[in-house]
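This is data20.pdb (PDB, C-alpha atoms).
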MODEL        1
ATOM      1  CA  MET A   1       2.920  10.165   5.969  1.00  0.00           C
ATOM      2  CA  ASN A   2       0.594  10.312   8.922  1.00  0.00           C
ATOM      3  CA  ALA A   3      -0.889   7.200  10.537  1.00  0.00           C
ATOM      4  CA  TYR A   4      -4.021   7.206   8.362  1.00  0.00           C
ATOM      5  CA  GLU A   5      -2.028   7.569   5.150  1.00  0.00           C
ATOM      6  CA  ARG A   6       0.222   4.686   6.229  1.00  0.00           C
ATOM      7  CA  GLU A   7      -2.882   2.603   6.989  1.00  0.00           C
ATOM      8  CA  LYS A   8      -4.169   3.141   3.427  1.00  0.00           C
ATOM      9  CA  VAL A   9      -0.774   2.216   1.984  1.00  0.00           C
ATOM     10  CA  PHE A  10      -0.637  -0.856   4.223  1.00  0.00           C
ATOM     11  CA  PHE A  11      -3.951  -2.308   3.058  1.00  0.00           C
ATOM     12  CA  LYS A  12      -3.278  -1.482  -0.594  1.00  0.00           C
ATOM     13  CA  GLU A  13       0.144  -3.171  -0.555  1.00  0.00           C
ATOM     14  CA  VAL A  14      -1.036  -6.192   1.447  1.00  0.00           C
ATOM     15  CA  ALA A  15      -3.948  -6.704  -0.968  1.00  0.00           C
ATOM     16  CA  GLN A  16      -1.384  -6.887  -3.798  1.00  0.00           C
ATOM     17  CA  SER A  17       1.207  -9.085  -2.057  1.00  0.00           C
ATOM     18  CA  ASN A  18      -1.114 -11.214   0.130  1.00  0.00           C
ATOM     19  CA  ASP A  19       1.473 -10.993   2.924  1.00  0.00           C
ATOM     20  CA  ILE A  20       1.553  -9.232   6.279  1.00  0.00           C
ATOM     21  CA  TRP A  21       4.965  -8.641   7.841  1.00  0.00           C
ATOM     22  CA  ILE A  22       5.904  -8.818  11.519  1.00  0.00           C
ATOM     23  CA  LEU A  23       9.172  -8.854  13.447  1.00  0.00           C
ATOM     24  CA  ALA A  24       9.935 -11.934  15.498  1.00  0.00           C
ATOM     25  CA  ASP A  25      12.714 -13.718  17.365  1.00  0.00           C
ATOM     26  CA  GLU A  26      12.934 -17.064  19.130  1.00  0.00           C
ATOM     27  CA  HIS A  27      10.543 -15.793  21.825  1.00  0.00           C
ATOM     28  CA  GLY A  28       7.789 -14.639  19.473  1.00  0.00           C
ATOM     29  CA  CYS A  29       6.713 -11.469  17.757  1.00  0.00           C
ATOM     30  CA  VAL A  30       7.621  -7.927  18.720  1.00  0.00           C
ATOM     31  CA  MET A  31       5.068  -6.105  20.846  1.00  0.00           C
ATOM     32  CA  LEU A  32       4.424  -2.390  21.299  1.00  0.00           C
ATOM     33  CA  ASN A  33       2.472  -0.827  24.128  1.00  0.00           C
ATOM     34  CA  SER A  34      -0.013   1.952  23.510  1.00  0.00           C
ATOM     35  CA  ASP A  35      -1.639   3.920  26.298  1.00  0.00           C
ATOM     36  CA  ASP A  36      -4.319   1.289  26.791  1.00  0.00           C
ATOM     37  CA  GLU A  37      -3.286  -1.808  24.869  1.00  0.00           C
ATOM     38  CA  ASP A  38      -0.543  -4.252  24.023  1.00  0.00           C
ATOM     39  CA  CYS A  39      -0.163  -4.351  20.257  1.00  0.00           C
ATOM     40  CA  VAL A  40       1.438  -6.431  17.548  1.00  0.00           C
ATOM     41  CA  PRO A  41       2.963  -4.117  14.931  1.00  0.00           C
ATOM     42  CA  VAL A  42       2.475  -5.095  11.276  1.00  0.00           C
ATOM     43  CA  TRP A  43       4.044  -3.748   8.092  1.00  0.00           C
ATOM     44  CA  PRO A  44       3.208  -4.046   4.389  1.00  0.00           C
ATOM     45  CA  SER A  45       6.712  -5.162   3.336  1.00  0.00           C
ATOM     46  CA  GLU A  46       9.822  -6.940   4.523  1.00  0.00           C
ATOM     47  CA  ALA A  47      11.927  -3.802   4.026  1.00  0.00           C
ATOM     48  CA  LEU A  48       9.695  -1.666   6.260  1.00  0.00           C
ATOM     49  CA  ALA A  49       9.577  -4.312   8.982  1.00  0.00           C
ATOM     50  CA  THR A  50      13.346  -4.761   8.823  1.00  0.00           C
ATOM     51  CA  GLU A  51      13.865  -1.028   9.462  1.00  0.00           C
ATOM     52  CA  TRP A  52      12.609  -1.743  12.993  1.00  0.00           C
ATOM     53  CA  ALA A  53      15.124  -4.549  13.611  1.00  0.00           C
ATOM     54  CA  ASN A  54      17.543  -2.396  15.595  1.00  0.00           C
ATOM     55  CA  GLU A  55      18.428  -1.524  19.180  1.00  0.00           C
ATOM     56  CA  ASP A  56      16.133  -3.613  21.416  1.00  0.00           C
ATOM     57  CA  TRP A  57      15.018  -5.686  18.445  1.00  0.00           C
ATOM     58  CA  GLU A  58      18.315  -6.149  16.621  1.00  0.00           C
ATOM     59  CA  ASN A  59      17.981  -9.934  16.960  1.00  0.00           C
ATOM     60  CA  CYS A  60      14.552  -9.928  15.333  1.00  0.00           C
ATOM     61  CA  GLU A  61      13.870 -10.846  11.732  1.00  0.00           C
ATOM     62  CA  ALA A  62      11.056  -9.860   9.436  1.00  0.00           C
ATOM     63  CA  SER A  63       8.618 -12.703   8.914  1.00  0.00           C
ATOM     64  CA  SER A  64       5.721 -12.853   6.487  1.00  0.00           C
ATOM     65  CA  ILE A  65       2.291 -14.237   7.237  1.00  0.00           C
ATOM     66  CA  SER A  66      -0.092 -14.930   4.392  1.00  0.00           C
ATOM     67  CA  ILE A  67      -3.514 -13.355   4.592  1.00  0.00           C
ATOM     68  CA  ASN A  68      -5.085 -16.826   4.702  1.00  0.00           C
ATOM     69  CA  LYS A  69      -2.876 -17.891   7.626  1.00  0.00           C
ATOM     70  CA  TRP A  70      -3.603 -14.587   9.371  1.00  0.00           C
ATOM     71  CA  LYS A  71      -7.346 -15.176   9.079  1.00  0.00           C
ATOM     72  CA  SER A  72      -7.169 -18.814  10.159  1.00  0.00           C
ATOM     73  CA  ARG A  73      -4.839 -18.365  13.153  1.00  0.00           C
ATOM     74  CA  TRP A  74      -3.864 -14.842  14.045  1.00  0.00           C
ATOM     75  CA  THR A  75      -7.180 -13.000  14.269  1.00  0.00           C
ATOM     76  CA  ASN A  76      -8.692 -15.319  16.882  1.00  0.00           C
ATOM     77  CA  GLY A  77      -5.366 -15.821  18.657  1.00  0.00           C
ATOM     78  CA  LEU A  78      -4.783 -12.099  19.099  1.00  0.00           C
ATOM     79  CA  ALA A  79      -8.374 -11.550  20.203  1.00  0.00           C
ATOM     80  CA  GLN A  80      -8.134 -14.371  22.757  1.00  0.00           C
ATOM     81  CA  ASP A  81      -4.908 -12.879  24.114  1.00  0.00           C
ATOM     82  CA  ASP A  82      -6.566  -9.434  24.270  1.00  0.00           C
ATOM     83  CA  LEU A  83      -4.018  -7.934  21.877  1.00  0.00           C
ATOM     84  CA  ALA A  84      -4.545  -5.191  19.330  1.00  0.00           C
ATOM     85  CA  ILE A  85      -2.690  -4.465  16.089  1.00  0.00           C
ATOM     86  CA  VAL A  86      -0.745  -1.319  15.308  1.00  0.00           C
ATOM     87  CA  ILE A  87      -0.642  -0.783  11.555  1.00  0.00           C
ATOM     88  CA  TYR A  88       2.640   0.254   9.914  1.00  0.00           C
ATOM     89  CA  PRO A  89       4.013   2.219  12.875  1.00  0.00           C
ATOM     90  CA  ASP A  90       6.490   5.020  12.260  1.00  0.00           C
ATOM     91  CA  GLN A  91       9.880   5.104  13.992  1.00  0.00           C
ATOM     92  CA  GLN A  92       8.278   6.629  17.108  1.00  0.00           C
ATOM     93  CA  GLY A  93       5.867   3.679  17.330  1.00  0.00           C
ATOM     94  CA  GLU A  94       2.880   5.726  16.240  1.00  0.00           C
ATOM     95  CA  GLY A  95       0.239   4.101  14.062  1.00  0.00           C
ATOM     96  CA  CYS A  96      -3.441   3.249  13.894  1.00  0.00           C
ATOM     97  CA  VAL A  97      -4.370   0.785  16.644  1.00  0.00           C
ATOM     98  CA  ILE A  98      -7.091  -1.628  15.648  1.00  0.00           C
ATOM     99  CA  ASP A  99      -8.986  -4.648  16.964  1.00  0.00           C
ATOM    100  CA  PRO A 100      -8.070  -7.988  15.288  1.00  0.00           C
ATOM    101  CA  PHE A 101     -11.584  -8.535  13.895  1.00  0.00           C
ATOM    102  CA  GLU A 102     -11.774  -5.010  12.477  1.00  0.00           C
ATOM    103  CA  PHE A 103      -8.320  -5.567  10.960  1.00  0.00           C
ATOM    104  CA  GLU A 104      -9.523  -8.769   9.270  1.00  0.00           C
ATOM    105  CA  ALA A 105     -12.607  -6.985   7.922  1.00  0.00           C
ATOM    106  CA  LEU A 106     -10.381  -4.287   6.402  1.00  0.00           C
ATOM    107  CA  LEU A 107      -8.150  -6.986   4.881  1.00  0.00           C
ATOM    108  CA  GLU A 108     -11.191  -8.520   3.197  1.00  0.00           C
ATOM    109  CA  LYS A 109     -12.452  -5.131   2.016  1.00  0.00           C
ATOM    110  CA  SER A 110      -9.081  -4.228   0.498  1.00  0.00           C
ATOM    111  CA  ALA A 111      -8.797  -7.620  -1.213  1.00  0.00           C
ATOM    112  CA  LYS A 112     -12.159  -7.060  -2.904  1.00  0.00           C
ATOM    113  CA  ALA A 113     -11.171  -3.550  -3.990  1.00  0.00           C
ATOM    114  CA  LYS A 114      -7.986  -4.558  -5.808  1.00  0.00           C
TER     115      LYS A 114
ENDMDL
END

For the structure just supplied, provide its representation as structure tokens.
Amino acid sequence: MNAYEREKVFFKEVAQSNDIWILADEHGCVMLNSDDEDCVPVWPSEALATEWANEDWENCEASSISINKWKSRWTNGLAQDDLAIVIYPDQQGEGCVIDPFEFEALLEKSAKAK
């Protein structure tokens, strides 16, 4: 799947499960760097997030965040820290990079569409 197909899958699956998955360790969540931005990668399932827990991130564990918790804490926190989100990156780290507020708007849109 290309990045846009993975984005569609991401929002569809998250709307069903109500959970967003990240990788984290005792220091916080995993970060990826795009050309212009520092990004928090997110996945639609524990299994897909866990696939990334290797090499540099072998000590990381998949952690779920409910949509409600994401909206109440993560959106503003990421925006304040000037961080973007990379949606369901492939093994090369490629994925759609999105602003936290746009991400939240797409979460709400997908929840209404289910």

note - atom CA of Pro44 of chain A and atom CA of Asn59 of chain A are separated by 20.3 Å

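Taking atom CA of Val86 of chain A and atom CA of Val40 of chain A as the two end points, the separation is 6.0 Å.
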
Which residue is closest to Leu32 of chain A? Choose from A:Leu106, A:Ala113, A:Ala84, A:Ala53 and count only C-alpha atoms. A:Ala84

Atom CA of Leu83 of chain A to atom CA of Glu61 of chain A: how many Å, to one decimal?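 Taking atom CA of Leu83 of chain A and atom CA of Glu61 of chain A, their separation equals 20.8 Å.
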
Shell of 10 Å around segment 92-95 of chain A, only C-alpha atoms, local chain residues under 3 positions omitted, as a list of chain:residue names: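 Surrounding residues, per the criterion: A:Asn2, A:Ala3, A:Tyr4, A:Glu5, A:Arg6, A:Glu7, A:Leu32, A:Asn33, A:Ser34, A:Pro41, A:Val42, A:Trp52, A:Ile85, A:Val86, A:Ile87, A:Tyr88, A:Pro89, A:Ile98.
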
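With all atoms listed in the file as the atoms that count, the minimum distance from Leu107 of chain A to the choices A:Asp25, A:Glu58, A:Ser64, A:Lys71 is reached by A:Lys71.
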
The PyMOL selection byres ((chain A and resi 78) around 12) on the file shown: which residues, as an NGL selection string? :A and (29 or 31 or 37-41 or 70-77 or 79-85 or 98-104)

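With all atoms listed in the file as the basis for measurement, A:Asp19 is the residue among A:Asp19, A:Glu46, A:Asp35, A:Glu13 that approaches Ser66 of chain A most closely.
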
Selection as a compact mmCIF listing (two decimals) with C-alpha atoms, in the coordinates of the input: residues within 12 Å of (-11.8, -5.1, -0.2), counting all atoms listed in the file:
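Full text of part_26.txt as output:
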# COMPACT_ATOMS: atom_id res chain seq x y z
CA LYS A 8 -4.17 3.14 3.43
CA PHE A 11 -3.95 -2.31 3.06
CA LYS A 12 -3.28 -1.48 -0.59
CA VAL A 14 -1.04 -6.19 1.45
CA ALA A 15 -3.95 -6.70 -0.97
CA GLN A 16 -1.38 -6.89 -3.80
CA PHE A 103 -8.32 -5.57 10.96
CA GLU A 104 -9.52 -8.77 9.27
CA ALA A 105 -12.61 -6.98 7.92
CA LEU A 106 -10.38 -4.29 6.40
CA LEU A 107 -8.15 -6.99 4.88
CA GLU A 108 -11.19 -8.52 3.20
CA LYS A 109 -12.45 -5.13 2.02
CA SER A 110 -9.08 -4.23 0.50
CA ALA A 111 -8.80 -7.62 -1.21
CA LYS A 112 -12.16 -7.06 -2.90
CA ALA A 113 -11.17 -3.55 -3.99
CA LYS A 114 -7.99 -4.56 -5.81

Once the PyMOL selection byres ((chain A and resi 63) around 7) has been applied to the shown file, what residues remain in the selection, as an NGL selection string? :A and (21-24 or 61-62 or 64-65)

When you count all atoms listed in the file, which of these residues is closest to Ile20 of chain A: A:Asn68, A:Asp36, A:Glu51, A:Met1?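 Ranked by minimum distance to Ile20 of chain A, first place goes to A:Asn68.
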
Mind giving me the axis-aligned box for segment 40-45 of chain A with 8 Å on every side, centre plus edges in Å to one decimal, as JSON?
{"center_x": 4.1, "center_y": -5.1, "center_z": 10.4, "size_x": 21.3, "size_y": 18.7, "size_z": 30.2}

Please supply segment 73-109 of chain A, rebuilt with N, CA and C atoms, as a CSV table (one decimal), in the coordinates of the input.
chain,number,residue,atom,x,y,z
A,73,ARG,N,-5.5,-18.2,11.9
A,73,ARG,CA,-4.8,-18.4,13.2
A,73,ARG,C,-4.7,-17.1,14.0
A,74,TRP,N,-4.3,-16.0,13.3
A,74,TRP,CA,-3.9,-14.8,14.0
A,74,TRP,C,-5.0,-14.0,14.6
A,75,THR,N,-6.1,-13.8,13.8
A,75,THR,CA,-7.2,-13.0,14.3
A,75,THR,C,-7.7,-13.5,15.6
A,76,ASN,N,-8.1,-14.8,15.6
A,76,ASN,CA,-8.7,-15.3,16.9
A,76,ASN,C,-7.7,-15.4,18.0
A,77,GLY,N,-6.4,-15.7,17.6
A,77,GLY,CA,-5.4,-15.8,18.7
A,77,GLY,C,-5.1,-14.5,19.3
A,78,LEU,N,-5.0,-13.4,18.5
A,78,LEU,CA,-4.8,-12.1,19.1
A,78,LEU,C,-6.0,-11.7,19.9
A,79,ALA,N,-7.2,-11.9,19.4
A,79,ALA,CA,-8.4,-11.6,20.2
A,79,ALA,C,-8.4,-12.3,21.5
A,80,GLN,N,-8.1,-13.6,21.5
A,80,GLN,CA,-8.1,-14.4,22.8
A,80,GLN,C,-7.1,-13.9,23.8
A,81,ASP,N,-6.0,-13.4,23.2
A,81,ASP,CA,-4.9,-12.9,24.1
A,81,ASP,C,-5.1,-11.4,24.5
A,82,ASP,N,-6.2,-10.8,24.0
A,82,ASP,CA,-6.6,-9.4,24.3
A,82,ASP,C,-5.5,-8.5,23.8
A,83,LEU,N,-5.0,-8.8,22.5
A,83,LEU,CA,-4.0,-7.9,21.9
A,83,LEU,C,-4.6,-7.2,20.7
A,84,ALA,N,-4.1,-6.0,20.5
A,84,ALA,CA,-4.5,-5.2,19.3
A,84,ALA,C,-3.4,-5.2,18.3
A,85,ILE,N,-3.7,-4.6,17.2
A,85,ILE,CA,-2.7,-4.5,16.1
A,85,ILE,C,-2.4,-3.0,15.9
A,86,VAL,N,-1.1,-2.7,15.7
A,86,VAL,CA,-0.7,-1.3,15.3
A,86,VAL,C,-0.2,-1.4,13.9
A,87,ILE,N,-0.9,-0.7,13.0
A,87,ILE,CA,-0.6,-0.8,11.6
A,87,ILE,C,0.5,0.1,11.1
A,88,TYR,N,1.5,-0.5,10.6
A,88,TYR,CA,2.6,0.3,9.9
A,88,TYR,C,3.1,1.4,10.8
A,89,PRO,N,3.6,1.1,12.0
A,89,PRO,CA,4.0,2.2,12.9
A,89,PRO,C,5.2,3.0,12.3
A,90,ASP,N,5.3,4.3,12.6
A,90,ASP,CA,6.5,5.0,12.3
A,90,ASP,C,7.6,4.7,13.3
A,91,GLN,N,8.7,5.4,13.1
A,91,GLN,CA,9.9,5.1,14.0
A,91,GLN,C,9.6,5.5,15.5
A,92,GLN,N,8.6,6.3,15.7
A,92,GLN,CA,8.3,6.6,17.1
A,92,GLN,C,7.2,5.7,17.7
A,93,GLY,N,6.8,4.7,16.9
A,93,GLY,CA,5.9,3.7,17.3
A,93,GLY,C,4.4,4.1,17.2
A,94,GLU,N,4.2,5.2,16.4
A,94,GLU,CA,2.9,5.7,16.2
A,94,GLU,C,2.2,5.1,15.0
A,95,GLY,N,1.0,4.7,15.2
A,95,GLY,CA,0.2,4.1,14.1
A,95,GLY,C,-1.2,3.9,14.5
A,96,CYS,N,-2.0,3.5,13.6
A,96,CYS,CA,-3.4,3.2,13.9
A,96,CYS,C,-3.5,1.9,14.7
A,97,VAL,N,-4.2,2.0,15.8
A,97,VAL,CA,-4.4,0.8,16.6
A,97,VAL,C,-5.8,0.3,16.4
A,98,ILE,N,-5.8,-1.0,16.1
A,98,ILE,CA,-7.1,-1.6,15.6
A,98,ILE,C,-7.3,-3.0,16.3
A,99,ASP,N,-8.6,-3.3,16.5
A,99,ASP,CA,-9.0,-4.6,17.0
A,99,ASP,C,-8.7,-5.7,15.9
A,100,PRO,N,-8.4,-6.9,16.3
A,100,PRO,CA,-8.1,-8.0,15.3
A,100,PRO,C,-9.2,-8.3,14.3
A,101,PHE,N,-10.5,-8.2,14.8
A,101,PHE,CA,-11.6,-8.5,13.9
A,101,PHE,C,-11.8,-7.4,12.9
A,102,GLU,N,-11.7,-6.2,13.4
A,102,GLU,CA,-11.8,-5.0,12.5
A,102,GLU,C,-10.6,-5.1,11.4
A,103,PHE,N,-9.5,-5.4,11.9
A,103,PHE,CA,-8.3,-5.6,11.0
A,103,PHE,C,-8.6,-6.6,9.9
A,104,GLU,N,-9.2,-7.7,10.3
A,104,GLU,CA,-9.5,-8.8,9.3
A,104,GLU,C,-10.6,-8.3,8.3
A,105,ALA,N,-11.6,-7.5,8.8
A,105,ALA,CA,-12.6,-7.0,7.9
A,105,ALA,C,-12.0,-6.0,6.9
A,106,LEU,N,-11.0,-5.2,7.3
A,106,LEU,CA,-10.4,-4.3,6.4
A,106,LEU,C,-9.5,-5.0,5.4
A,107,LEU,N,-8.9,-6.1,5.8
A,107,LEU,CA,-8.2,-7.0,4.9
A,107,LEU,C,-9.1,-7.5,3.8
A,108,GLU,N,-10.2,-8.0,4.2
A,108,GLU,CA,-11.2,-8.5,3.2
A,108,GLU,C,-11.7,-7.4,2.3
A,109,LYS,N,-12.0,-6.3,2.8
A,109,LYS,CA,-12.5,-5.1,2.0
A,109,LYS,C,-11.4,-4.7,1.0
